[in-house]
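K.L.:
As input, take upload_3.txt (compact mmCIF, C-alpha atoms and all ligand atoms):
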# COMPACT_ATOMS: atom_id res chain seq x y z
CA MET D 1455 12.68 62.68 -13.87
CA LYS D 1456 14.87 59.64 -14.14
CA GLN D 1457 14.58 59.20 -17.90
CA LEU D 1458 15.25 55.49 -18.07
CA GLU D 1459 16.75 54.97 -21.46
CA ASN D 1460 15.24 51.53 -21.91
CA LYS D 1461 11.68 52.72 -21.43
CA LYS D 1462 9.62 53.83 -24.38
CA THR D 1463 7.57 57.01 -24.33
CA LEU D 1464 3.85 57.15 -23.67
CA TYR D 1465 1.90 60.33 -24.41
CA SER D 1466 -1.70 61.38 -23.97
CA GLY D 1467 -3.82 64.45 -23.40
CA VAL D 1468 -7.20 65.61 -22.15
CA GLN D 1469 -8.95 68.88 -22.98
CA PRO D 1470 -9.66 71.26 -20.10
CA SER D 1471 -13.02 72.04 -21.60
CA GLY D 1472 -15.28 71.43 -18.63
CA ASN D 1473 -16.05 68.72 -16.17
CA ILE D 1474 -14.12 65.50 -16.58
CA THR D 1475 -16.49 62.52 -16.97
CA ILE D 1476 -16.07 58.98 -15.74
CA GLY D 1477 -15.81 58.18 -19.49
CA ASN D 1478 -12.62 60.27 -19.65
CA TYR D 1479 -11.45 58.56 -16.51
CA ILE D 1480 -12.19 54.96 -17.53
CA GLY D 1481 -11.12 55.38 -21.17
CA ALA D 1482 -8.06 57.51 -20.57
CA ILE D 1483 -6.87 58.72 -17.15
CA ARG D 1484 -7.26 55.38 -15.40
CA GLN D 1485 -5.41 53.67 -18.25
CA PHE D 1486 -2.58 56.17 -17.76
CA THR D 1487 -2.25 55.15 -14.12
CA LEU D 1488 -2.16 51.47 -15.08
CA LEU D 1489 0.57 51.99 -17.70
CA SER D 1490 2.68 54.74 -16.17
CA ASP D 1491 5.31 52.54 -14.53
CA GLN D 1492 6.24 50.84 -17.77
CA TYR D 1493 6.89 53.98 -19.83
CA ASN D 1494 8.37 57.45 -19.72
CA CYS D 1495 5.08 59.30 -19.65
CA LEU D 1496 3.86 62.71 -20.64
CA PHE D 1497 0.31 63.78 -19.81
CA CYS D 1498 -0.87 67.02 -21.28
CA VAL D 1499 -3.64 69.49 -20.48
CA VAL D 1500 -4.41 70.39 -24.10
CA ASP D 1501 -5.61 73.95 -23.66
CA LEU D 1502 -4.86 74.98 -27.27
CA HIS D 1503 -7.22 72.28 -28.52
CA ALA D 1504 -9.95 73.62 -26.23
CA LEU D 1505 -9.85 76.95 -28.08
CA THR D 1506 -11.47 75.38 -31.15
CA VAL D 1507 -14.73 75.90 -29.25
CA ARG D 1508 -15.38 79.34 -27.75
CA GLN D 1509 -14.27 79.37 -24.10
CA ILE D 1510 -14.88 81.79 -21.27
CA PRO D 1511 -11.29 82.87 -20.48
CA ALA D 1512 -11.56 82.72 -16.68
CA GLU D 1513 -13.19 79.29 -16.90
CA LEU D 1514 -10.53 77.94 -19.22
CA ARG D 1515 -7.82 79.10 -16.83
CA ARG D 1516 -9.62 77.48 -13.91
CA ASN D 1517 -10.33 74.25 -15.79
CA THR D 1518 -6.67 74.01 -16.79
CA LEU D 1519 -5.39 74.07 -13.21
CA GLU D 1520 -8.21 71.75 -12.11
CA LEU D 1521 -7.38 69.16 -14.75
CA PHE D 1522 -3.73 69.34 -13.79
CA ALA D 1523 -4.76 68.64 -10.18
CA LEU D 1524 -7.09 65.83 -11.26
CA TYR D 1525 -4.31 64.03 -13.11
CA ILE D 1526 -2.30 64.03 -9.89
CA ALA D 1527 -5.30 63.16 -7.71
CA ALA D 1528 -6.01 60.17 -9.95
CA GLY D 1529 -2.58 58.80 -9.09
CA LEU D 1530 -0.12 60.25 -11.62
CA ASP D 1531 3.04 61.49 -9.96
CA PRO D 1532 4.30 64.81 -11.41
CA GLN D 1533 7.88 63.91 -10.45
CA LYS D 1534 7.90 60.56 -12.23
CA ASN D 1535 5.75 61.66 -15.18
CA ILE D 1536 5.77 64.94 -17.06
CA ILE D 1537 2.35 66.47 -16.50
CA TYR D 1538 2.08 69.83 -18.19
CA CYS D 1539 0.03 72.36 -20.08
CA GLN D 1540 0.22 72.44 -23.89
CA SER D 1541 0.43 76.23 -24.31
CA HIS D 1542 3.46 76.36 -22.01
CA VAL D 1543 5.48 74.56 -24.65
CA PRO D 1544 5.42 76.77 -27.78
CA GLU D 1545 6.99 73.98 -29.84
CA HIS D 1546 3.51 72.41 -30.18
CA ALA D 1547 2.21 75.36 -32.18
CA GLU D 1548 5.45 75.65 -34.13
CA LEU D 1549 5.53 72.02 -35.21
CA THR D 1550 1.85 72.29 -36.12
CA TRP D 1551 2.65 74.86 -38.78
CA ILE D 1552 5.25 72.62 -40.36
CA LEU D 1553 3.00 69.55 -40.24
CA ASN D 1554 0.09 71.55 -41.70
CA CYS D 1555 2.23 71.72 -44.81
CA PHE D 1556 2.44 67.91 -44.86
CA THR D 1557 -1.26 67.21 -44.30
CA TYR D 1558 -3.86 67.14 -47.04
CA MET D 1559 -7.22 68.89 -47.03
CA GLY D 1560 -8.76 65.61 -48.23
CA GLU D 1561 -7.57 63.59 -45.24
CA LEU D 1562 -8.67 66.24 -42.75
CA SER D 1563 -12.10 66.42 -44.42
CA ARG D 1564 -12.60 62.71 -43.74
CA MET D 1565 -12.25 63.06 -39.96
CA THR D 1566 -15.55 62.03 -38.42
CA GLN D 1567 -14.92 64.16 -35.35
CA PHE D 1568 -14.53 67.21 -37.59
CA LYS D 1569 -17.80 66.38 -39.32
CA ASP D 1570 -19.59 65.92 -35.97
CA LYS D 1571 -18.12 69.01 -34.39
CA SER D 1572 -18.76 71.19 -37.40
CA ALA D 1573 -22.39 70.07 -37.48
CA ARG D 1574 -22.68 71.17 -33.82
CA ASN D 1575 -20.74 74.43 -34.25
CA GLN D 1576 -22.36 75.94 -37.33
CA ASP D 1577 -21.95 79.43 -35.89
CA ASN D 1578 -18.20 78.99 -35.30
CA LEU D 1579 -16.82 76.79 -38.05
CA ASN D 1580 -13.25 77.91 -37.57
CA ALA D 1581 -10.10 76.61 -39.27
CA GLY D 1582 -8.83 75.31 -35.90
CA LEU D 1583 -11.60 72.71 -35.86
CA PHE D 1584 -10.37 71.52 -39.23
CA THR D 1585 -6.66 71.38 -38.40
CA TYR D 1586 -7.24 70.06 -34.87
CA PRO D 1587 -5.73 66.63 -35.72
CA VAL D 1588 -2.49 68.27 -36.91
CA LEU D 1589 -2.01 69.91 -33.51
CA MET D 1590 -2.69 66.53 -31.94
CA ALA D 1591 -0.12 64.89 -34.24
CA SER D 1592 2.39 67.54 -33.18
CA ASP D 1593 1.73 66.83 -29.50
CA ILE D 1594 2.49 63.18 -30.02
CA LEU D 1595 5.38 63.41 -32.49
CA LEU D 1596 7.34 66.08 -30.60
CA TYR D 1597 8.12 63.57 -27.86
CA GLN D 1598 9.06 60.57 -30.04
CA THR D 1599 6.08 58.72 -28.61
CA SER D 1600 5.60 54.96 -28.98
CA LEU D 1601 2.23 54.50 -27.29
CA VAL D 1602 -0.87 56.69 -27.07
CA PRO D 1603 -3.66 55.47 -24.77
CA VAL D 1604 -6.97 57.03 -25.85
CA GLY D 1605 -10.65 56.25 -26.19
CA GLU D 1606 -12.22 54.89 -29.38
CA ASP D 1607 -13.24 58.38 -30.55
CA GLN D 1608 -9.56 59.27 -31.06
CA ARG D 1609 -8.65 56.26 -33.22
CA GLN D 1610 -8.88 58.16 -36.49
CA HIS D 1611 -6.71 60.96 -35.10
CA LEU D 1612 -4.04 58.42 -34.26
CA GLU D 1613 -4.23 57.01 -37.77
CA ILE D 1614 -3.68 60.41 -39.34
CA THR D 1615 -0.81 61.04 -36.90
CA ARG D 1616 0.84 57.87 -38.13
CA ASP D 1617 0.25 58.84 -41.76
CA ILE D 1618 1.80 62.28 -41.24
CA ALA D 1619 4.81 60.78 -39.42
CA GLU D 1620 5.38 58.16 -42.11
CA ARG D 1621 5.02 60.74 -44.89
CA PHE D 1622 7.56 63.01 -43.23
CA ASN D 1623 9.96 60.16 -42.51
CA ASN D 1624 9.76 58.97 -46.12
CA ILE D 1625 10.98 62.35 -47.30
CA TYR D 1626 13.51 63.25 -44.59
CA GLY D 1627 14.64 59.99 -42.99
CA ASN D 1628 13.68 58.73 -39.56
CA VAL D 1629 12.75 61.95 -37.82
CA PHE D 1630 9.69 60.73 -35.90
CA VAL D 1631 8.86 57.56 -34.02
CA VAL D 1632 5.61 56.27 -35.54
CA PRO D 1633 3.23 55.87 -32.57
CA GLU D 1634 0.76 53.08 -31.83
CA ALA D 1635 -2.70 53.71 -30.40
CA TYR D 1636 -3.65 51.84 -27.23
CA ILE D 1637 -7.42 51.41 -27.20
CA PRO D 1638 -8.61 48.53 -24.99
CA LYS D 1639 -11.96 47.30 -26.23
CA GLU D 1640 -13.86 47.09 -22.93
CA THR D 1641 -13.08 50.58 -21.68
CA SER D 1642 -12.64 52.67 -24.80
CA LYS D 1643 -16.23 53.74 -25.27
CA ILE D 1644 -18.26 54.41 -22.16
CA LEU D 1645 -21.79 55.27 -23.23
CA SER D 1646 -24.17 58.02 -22.20
CA LEU D 1647 -26.48 56.95 -19.36
CA SER D 1648 -29.45 58.76 -20.91
CA ASP D 1649 -28.82 57.63 -24.49
CA PRO D 1650 -26.67 54.50 -24.60
CA LEU D 1651 -26.36 54.70 -28.37
CA ARG D 1652 -24.00 57.68 -27.93
CA LYS D 1653 -20.75 58.02 -26.03
CA MET D 1654 -20.70 59.70 -22.65
CA SER D 1655 -19.49 63.24 -23.22
CA LYS D 1656 -18.68 66.41 -21.29
CA SER D 1657 -20.84 68.36 -23.69
CA GLU D 1658 -23.94 66.28 -22.90
CA PRO D 1659 -24.22 66.52 -19.11
CA ASP D 1660 -27.56 64.67 -18.99
CA GLY D 1661 -26.00 61.30 -19.64
CA ALA D 1662 -22.68 61.92 -17.90
CA VAL D 1663 -21.36 61.22 -14.42
CA PHE D 1664 -18.55 63.61 -13.57
CA LEU D 1665 -15.50 62.59 -11.63
CA LEU D 1666 -16.19 65.33 -9.09
CA ASP D 1667 -19.93 64.65 -8.71
CA ASN D 1668 -21.12 64.09 -5.15
CA ALA D 1669 -22.48 60.71 -4.02
CA ASP D 1670 -26.15 61.77 -4.24
CA ASP D 1671 -25.78 62.96 -7.82
CA ILE D 1672 -23.94 59.79 -8.80
CA ARG D 1673 -26.70 57.63 -7.29
CA ARG D 1674 -29.46 59.65 -8.93
CA LYS D 1675 -27.83 59.62 -12.37
CA ILE D 1676 -27.11 55.90 -12.30
CA ARG D 1677 -30.61 55.08 -10.99
CA ARG D 1678 -32.06 56.88 -14.01
CA ALA D 1679 -29.76 55.17 -16.53
CA VAL D 1680 -31.60 53.88 -19.58
CA THR D 1681 -31.56 50.07 -19.79
CA ASP D 1682 -34.02 47.75 -21.59
CA SER D 1683 -37.05 45.65 -20.80
CA ASP D 1684 -35.79 42.06 -20.70
CA ALA D 1685 -34.16 42.18 -17.22
CA GLU D 1686 -31.28 39.93 -18.24
CA ILE D 1687 -27.81 40.87 -17.04
CA ARG D 1688 -25.21 40.19 -19.71
CA ILE D 1689 -22.83 41.97 -22.07
CA ASP D 1690 -24.36 42.55 -25.49
CA ILE D 1691 -23.41 45.97 -26.81
CA GLU D 1692 -25.66 45.69 -29.88
CA ASN D 1693 -28.89 44.69 -28.18
CA LYS D 1694 -28.32 45.73 -24.59
CA PRO D 1695 -26.03 48.78 -24.71
CA GLY D 1696 -27.32 50.32 -21.47
CA VAL D 1697 -26.81 47.19 -19.33
CA SER D 1698 -23.47 46.36 -21.00
CA ASN D 1699 -22.31 49.89 -20.26
CA LEU D 1700 -23.28 49.64 -16.59
CA LEU D 1701 -21.36 46.36 -16.30
CA GLN D 1702 -18.29 47.96 -17.88
CA ILE D 1703 -18.46 50.94 -15.55
CA TYR D 1704 -18.82 48.59 -12.59
CA SER D 1705 -15.88 46.52 -13.76
CA ALA D 1706 -13.61 49.55 -14.21
CA PHE D 1707 -14.31 50.89 -10.72
CA SER D 1708 -14.47 47.61 -8.80
CA GLY D 1709 -11.53 45.92 -10.47
CA GLU D 1710 -13.66 42.82 -11.10
CA SER D 1711 -13.86 41.44 -14.62
CA THR D 1712 -17.16 41.84 -16.46
CA ASP D 1713 -17.68 38.06 -16.15
CA GLU D 1714 -17.30 38.30 -12.39
CA ALA D 1715 -19.71 41.24 -12.38
CA ILE D 1716 -22.29 39.27 -14.37
CA GLY D 1717 -21.96 36.40 -11.88
CA ARG D 1718 -22.46 38.81 -9.00
CA PHE D 1719 -25.61 40.49 -10.35
CA GLU D 1720 -27.22 37.64 -12.30
CA GLY D 1721 -30.90 37.19 -11.52
CA GLN D 1722 -31.03 40.25 -9.25
CA GLY D 1723 -32.78 42.77 -11.48
CA TYR D 1724 -31.65 46.14 -12.76
CA GLY D 1725 -32.37 47.98 -9.51
CA GLN D 1726 -29.72 45.96 -7.68
CA LEU D 1727 -27.30 46.26 -10.59
CA LYS D 1728 -27.65 50.04 -10.56
CA LYS D 1729 -27.16 50.16 -6.81
CA GLY D 1730 -24.01 48.05 -7.15
CA VAL D 1731 -22.66 50.25 -9.94
CA ALA D 1732 -23.34 53.44 -7.96
CA ASP D 1733 -21.60 51.98 -4.86
CA ALA D 1734 -18.56 51.01 -6.92
CA VAL D 1735 -18.32 54.40 -8.64
CA ILE D 1736 -18.70 56.28 -5.35
CA ALA D 1737 -16.05 54.12 -3.66
CA GLY D 1738 -13.75 54.65 -6.65
CA VAL D 1739 -14.08 58.43 -6.94
CA GLU D 1740 -14.00 59.17 -3.22
CA PRO D 1741 -10.22 58.93 -2.71
CA ILE D 1742 -9.63 60.86 -5.95
CA GLN D 1743 -11.97 63.63 -4.82
CA LYS D 1744 -10.36 63.78 -1.39
CA ARG D 1745 -6.87 64.09 -2.83
CA TYR D 1746 -8.13 66.59 -5.38
CA GLN D 1747 -9.55 68.86 -2.66
CA GLU D 1748 -6.22 68.81 -0.82
CA LEU D 1749 -4.30 69.64 -4.00
CA ILE D 1750 -6.58 72.40 -5.23
CA ALA D 1751 -6.35 74.10 -1.82
CA ASP D 1752 -2.69 74.86 -2.58
CA LYS D 1753 -2.76 76.54 -5.97
CA GLY D 1754 0.72 78.00 -5.48
CA MET D 1755 2.19 74.51 -5.21
CA LEU D 1756 0.23 73.28 -8.26
CA HIS D 1757 1.40 76.28 -10.27
CA GLN D 1758 5.02 75.62 -9.32
CA GLN D 1759 4.76 71.96 -10.32
CA MET D 1760 3.13 72.93 -13.60
CA MET D 1761 5.94 75.35 -14.45
CA ASN D 1762 8.66 72.82 -13.57
CA ASN D 1763 7.04 70.19 -15.71
CA ALA D 1764 6.64 72.56 -18.66
CA GLU D 1765 10.39 73.17 -18.53
CA ARG D 1766 11.07 69.43 -18.63
CA ALA D 1767 8.68 68.95 -21.55
CA ARG D 1768 10.23 71.85 -23.46
CA GLN D 1769 13.67 70.33 -23.35
CA ILE D 1770 12.44 67.23 -25.16
CA ALA D 1771 10.17 69.10 -27.57
CA ALA D 1772 12.87 71.59 -28.55
CA ARG D 1773 15.20 68.78 -29.58
CA THR D 1774 12.65 67.35 -32.03
CA LEU D 1775 11.65 70.74 -33.39
CA ARG D 1776 15.27 71.73 -34.03
CA LYS D 1777 15.75 68.56 -36.01
CA VAL D 1778 12.59 69.16 -38.04
CA TYR D 1779 13.53 72.79 -38.83
CA LYS D 1780 16.92 71.63 -40.03
CA LYS D 1781 15.51 68.81 -42.14
CA VAL D 1782 12.99 70.98 -43.97
CA GLY D 1783 15.63 73.61 -44.71
CA LEU D 1784 14.79 76.49 -42.38
CA TYR D 1785 17.96 78.54 -41.92
CA GLN D 1786 19.16 78.00 -38.36
CA GLY D 1787 22.58 79.62 -38.59
P1 LIG D 1801 -10.92 64.56 -24.88
O1 LIG D 1801 -10.51 65.66 -23.96
O2 LIG D 1801 -12.18 64.69 -25.65
O3 LIG D 1801 -10.99 63.20 -24.07
C1 LIG D 1801 -9.90 62.77 -23.27
C2 LIG D 1801 -9.74 61.27 -23.38
O4 LIG D 1801 -10.92 60.63 -22.90
C3 LIG D 1801 -11.37 59.69 -23.86
N1 LIG D 1801 -12.84 59.61 -23.78
C4 LIG D 1801 -13.52 58.48 -23.55
N2 LIG D 1801 -13.12 57.22 -23.37
C5 LIG D 1801 -14.08 56.28 -23.17
N3 LIG D 1801 -15.40 56.58 -23.15
C6 LIG D 1801 -15.85 57.83 -23.33
N4 LIG D 1801 -17.14 58.11 -23.30
C7 LIG D 1801 -14.88 58.86 -23.54
N5 LIG D 1801 -14.97 60.19 -23.76
C8 LIG D 1801 -13.72 60.63 -23.90
C9 LIG D 1801 -10.90 60.26 -25.19
O5 LIG D 1801 -10.87 59.29 -26.20
C10 LIG D 1801 -9.55 60.79 -24.82
O6 LIG D 1801 -8.60 59.75 -24.84
N6 LIG D 1801 -8.06 65.15 -28.94
C11 LIG D 1801 -8.09 64.61 -27.60
C12 LIG D 1801 -7.04 65.18 -26.68
C13 LIG D 1801 -5.64 65.18 -27.22
C14 LIG D 1801 -4.76 64.07 -27.23
C15 LIG D 1801 -3.54 64.58 -27.78
C16 LIG D 1801 -4.90 62.74 -26.86
C17 LIG D 1801 -4.97 66.24 -27.74
N7 LIG D 1801 -3.69 65.89 -28.06
C18 LIG D 1801 -2.45 63.74 -27.94
C19 LIG D 1801 -3.79 61.92 -27.02
C20 LIG D 1801 -2.58 62.41 -27.56
C21 LIG D 1801 -9.45 64.91 -26.98
O7 LIG D 1801 -10.13 65.78 -27.39
O8 LIG D 1801 -9.72 64.20 -25.87
Translate the structure described by the file into structure tokens.

P.N.:
Amino acid sequence: MKQLENKKTLYSGVQPSGNITIGNYIGAIRQFTLLSDQYNCLFCVVDLHALTVRQIPAELRRNTLELFALYIAAGLDPQKNIIYCQSHVPEHAELTWILNCFTYMGELSRMTQFKDKSARNQDNLNAGLFTYPVLMASDILLYQTSLVPVGEDQRQHLEITRDIAERFNNIYGNVFVVPEAYIPKETSKILSLSDPLRKMSKSEPDGAVFLLDNADDIRRKIRRAVTDSDAEIRIDIENKPGVSNLLQIYSAFSGESTDEAIGRFEGQGYGQLKKGVADAVIAGVEPIQKRYQELIADKGMLHQQMMNNAERARQIAARTLRKVYKKVGLYQG
């Protein structure tokens, strides 16, 4: 990669924990493609994070390669960006241990995602779920990241990352760049189609459209999307979350603003709106799916690219970790 010195670093990650939704795409992956020219970018398949929920090993392996392919299919170039798998860079786990010692039980207990996930995983309330944000902080801080594009649900994790970085810097000098979150309002929380009071999520397939869904499934799911009874097409997240969500999905895939979308569908009824949204989503995912099928047909090539990129990531990560080890007083010879 031509590491242009004058570009800042952008970092983000997605878990390979199942089918990628259009929420992941609109809130994260698509944002990456829009920003990637302006930054030195790293995009991670965060397989270690996925282990906080029990995984079927063969599926996790498959999902990891598939997500790697999806990043590329969505338009991220693995030569220009560093696209890699978290467990291939052992520095993530190593820095996590150090940062665990600079993170308080109290602040981790306040994480709403921990509270949600622990309520849903009563039978597997493991320590990894609790320290999950520290691993995420390590991902980000290892690469001296300035900007982290994520969805709204990750805001708190970015705040704790900043707190950890500032705490560490206050003791040891400027070791870490303190990152900013990038969370655009309109796209950062795509809602479930079946329950528009909740976010669209991989773990709730009923309300989710997946990036690799076929056209019939996309049409069927969008046709069934929950709306409301007043038939008025406008953005009003509080009172009309279902319709607002459809407009935002349409806007993300068509490239039109939500105002333009409202103009287009005004007075036409929800049936037409849903048809328009489905058409836009299908047209948007089609080229990604086509490219994805070509890429996944050559697993050897994907594997090779993944290994090369891990090597490039490691070089950067090792530099930061060495500095941290030295600062905290670990004997390095
Ligand atoms: P994950 O895998 O749950 O989700 C990946 C990204 O998709 C965003 N997202 C959404 N955006 C809008 N609407 C939705 N309905 C929606 N659902 C998900 C998420 O906010 C996220 O940006 N902890 C992270 C992964 C991670 C990470 C990192 C991110 C690990 N290390 C370092 C950034 C930097 C997660 O579980 O994302």

K.L.:
Report as an MDAnalysis selection string all protein, DNA and RNA residues lying within 10 Å of Gly1738 (chain D), evaluated on all atoms listed in the file, omitting residues in the same chain fewer than 6 positions from it.

P.N.:
chainID D and resid 1665 1704 1706:1709 1732

K.L.:
Generate the output file for the selected residues, C-alpha atoms, as a CSV table (one decimal), in the coordinates of the input.

P.N.:
chain,number,residue,atom,x,y,z
D,1665,LEU,CA,-15.5,62.6,-11.6
D,1704,TYR,CA,-18.8,48.6,-12.6
D,1706,ALA,CA,-13.6,49.6,-14.2
D,1707,PHE,CA,-14.3,50.9,-10.7
D,1708,SER,CA,-14.5,47.6,-8.8
D,1709,GLY,CA,-11.5,45.9,-10.5
D,1732,ALA,CA,-23.3,53.4,-8.0

K.L.:
Might you pull out every residue within 9 Å of Val1731 (chain D), with all atoms listed in the file counted and same-chain residues fewer than 2 positions away left off, and present them as a ChimeraX atom specification?

P.N.:
/D:1673,1676,1700-1701,1703-1705,1707-1708,1726-1729,1733-1736

K.L.:
Can you write out as a tab-separated table which residues of chain D fall within 7 Å of ligand LIG 1801 (chain D), alongside each residue's closest atom pair and its distance in Å to one decimal, counting all atoms listed in the file and ordering rows by chain and ascending residue number?

P.N.:
residue	atom	partner	partner_atom	distance
D:Tyr1465	CA	D:LIG1801	C20	5.9
D:Ser1466	CA	D:LIG1801	C19	3.7
D:Gly1467	CA	D:LIG1801	C14	4.0
D:Val1468	CA	D:LIG1801	O1	3.8
D:Gln1469	CA	D:LIG1801	O1	3.7
D:Pro1470	CA	D:LIG1801	O1	6.9
D:Gly1477	CA	D:LIG1801	C6	3.9
D:Asn1478	CA	D:LIG1801	O4	3.7
D:Tyr1479	CA	D:LIG1801	O4	6.7
D:Ile1480	CA	D:LIG1801	C5	6.1
D:Gly1481	CA	D:LIG1801	N2	3.5
D:Ala1482	CA	D:LIG1801	O4	4.8
D:Val1500	CA	D:LIG1801	C17	5.5
D:His1503	CA	D:LIG1801	C17	6.5
D:Leu1589	CA	D:LIG1801	N7	7.0
D:Met1590	CA	D:LIG1801	N7	4.1
D:Ala1591	CA	D:LIG1801	C18	6.8
D:Asp1593	CA	D:LIG1801	C18	5.4
D:Ile1594	CA	D:LIG1801	C18	5.4
D:Val1602	CA	D:LIG1801	C19	6.0
D:Pro1603	CA	D:LIG1801	O6	6.5
D:Val1604	CA	D:LIG1801	O6	3.3
D:Gly1605	CA	D:LIG1801	O5	3.0
D:Glu1606	CA	D:LIG1801	O5	5.6
D:Asp1607	CA	D:LIG1801	O5	5.0
D:Gln1608	CA	D:LIG1801	O5	5.0
D:Thr1641	CA	D:LIG1801	C5	6.0
D:Ser1642	CA	D:LIG1801	C5	4.2
D:Lys1643	CA	D:LIG1801	N3	3.6
D:Ile1644	CA	D:LIG1801	N3	3.7
D:Leu1645	CA	D:LIG1801	N4	5.4
D:Lys1653	CA	D:LIG1801	N4	4.5
D:Met1654	CA	D:LIG1801	N4	4.0
D:Ser1655	CA	D:LIG1801	N5	5.5

K.L.:
Might I get the box with edges along x, y and z of the file that holds all atoms of region 1726-1732 of chain D listed there, padded by 8 Å on every side, given as centre and edge lengths in Å to one decimal, as AutoDock Vina command-line options?

P.N.:
--center_x -26.2 --center_y 49.7 --center_z -8.7 --size_x 23.1 --size_y 23.5 --size_z 19.8

K.L.:
Go ahead and compute the interatomic distance for CA of Ala1767 (chain D) and CA of Asp1501 (chain D), in Å to one decimal.

P.N.:
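Rounded to one decimal, the two atoms are 15.3 Å apart.
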
K.L.:
Which one of D:Thr1475, D:Thr1615, D:Gln1702, D:Asn1763 sits closest to Ala1715 (chain D) if you count only C-alpha atoms?

P.N.:
D:Gln1702

K.L.:
Using Å and a single decimal, report how far CA of Ala1764 (chain D) sits from CA of Cys1539 (chain D).

P.N.:
6.8 Å

K.L.:
What gap, in Å, lies between CA of Ile1742 (chain D) and CA of Asn1535 (chain D)?

P.N.:
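Interatomic distance here is 18.0 Å.
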
K.L.:
List the neighbours of Ala1581 (chain D) out to 12 Å using only C-alpha atoms; skip same-chain residues closer than 6 positions along the sequence, and give me the result as a ChimeraX atom specification.

P.N.:
/D:1503,1505-1507,1554,1559,1562-1563,1568,1572,1575,1587-1589

K.L.:
With all atoms listed in the file as the basis for distance, which of D:Tyr1538, D:Phe1497, D:Phe1630, D:Trp1551 is at the shortest distance from Asp1617 (chain D)?

P.N.:
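With all atoms listed in the file as the atom set, the closest residue is D:Phe1630.
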
K.L.:
With distances taken over only C-alpha atoms, which of D:Leu1666, D:Ala1619, D:Cys1498, D:Ala1772 is nearest to Pro1633 (chain D)?

P.N.:
D:Ala1619

K.L.:
Which of these residues is nearest to Ser1698 (chain D), using only C-alpha atoms: D:Glu1710, D:Leu1530, D:Pro1650, D:Ala1737?

P.N.:
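Ranking D:Glu1710, D:Leu1530, D:Pro1650, D:Ala1737 by distance to Ser1698 (chain D), first place goes to D:Pro1650.
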
K.L.:
Taking (9.9, 59.7, -15.8) in the file's coordinates, which residues come within 12 Å, counting all atoms listed in the file, written as a VMD selection string?

P.N.:
chain D and resid 1455 to 1465 1490 to 1497 1530 to 1537 1763 1766 to 1767

K.L.:
Point out the residue among D:Glu1720, D:Glu1640, D:Asp1667, D:Glu1714 with the least atom-to-atom distance to Glu1686 (chain D), counting only C-alpha atoms.

P.N.:
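Residue with the minimum atom-to-atom distance to Glu1686 (chain D): D:Glu1720.
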
K.L.:
Once you count only C-alpha atoms, which residues end up no further than 12 Å from (4.7, 64.5, -44.9) in the file's frame, shown as a ChimeraX atom specification?

P.N.:
/D:1552-1558,1588,1591,1614-1630,1778,1781-1782

K.L.:
Find, counting only C-alpha atoms, the residue in D:Arg1508, D:Arg1574, D:His1542, D:Lys1744 that gets nearest to Ala1527 (chain D).

P.N.:
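The shortest atom-to-atom distance to Ala1527 (chain D) comes from D:Lys1744.
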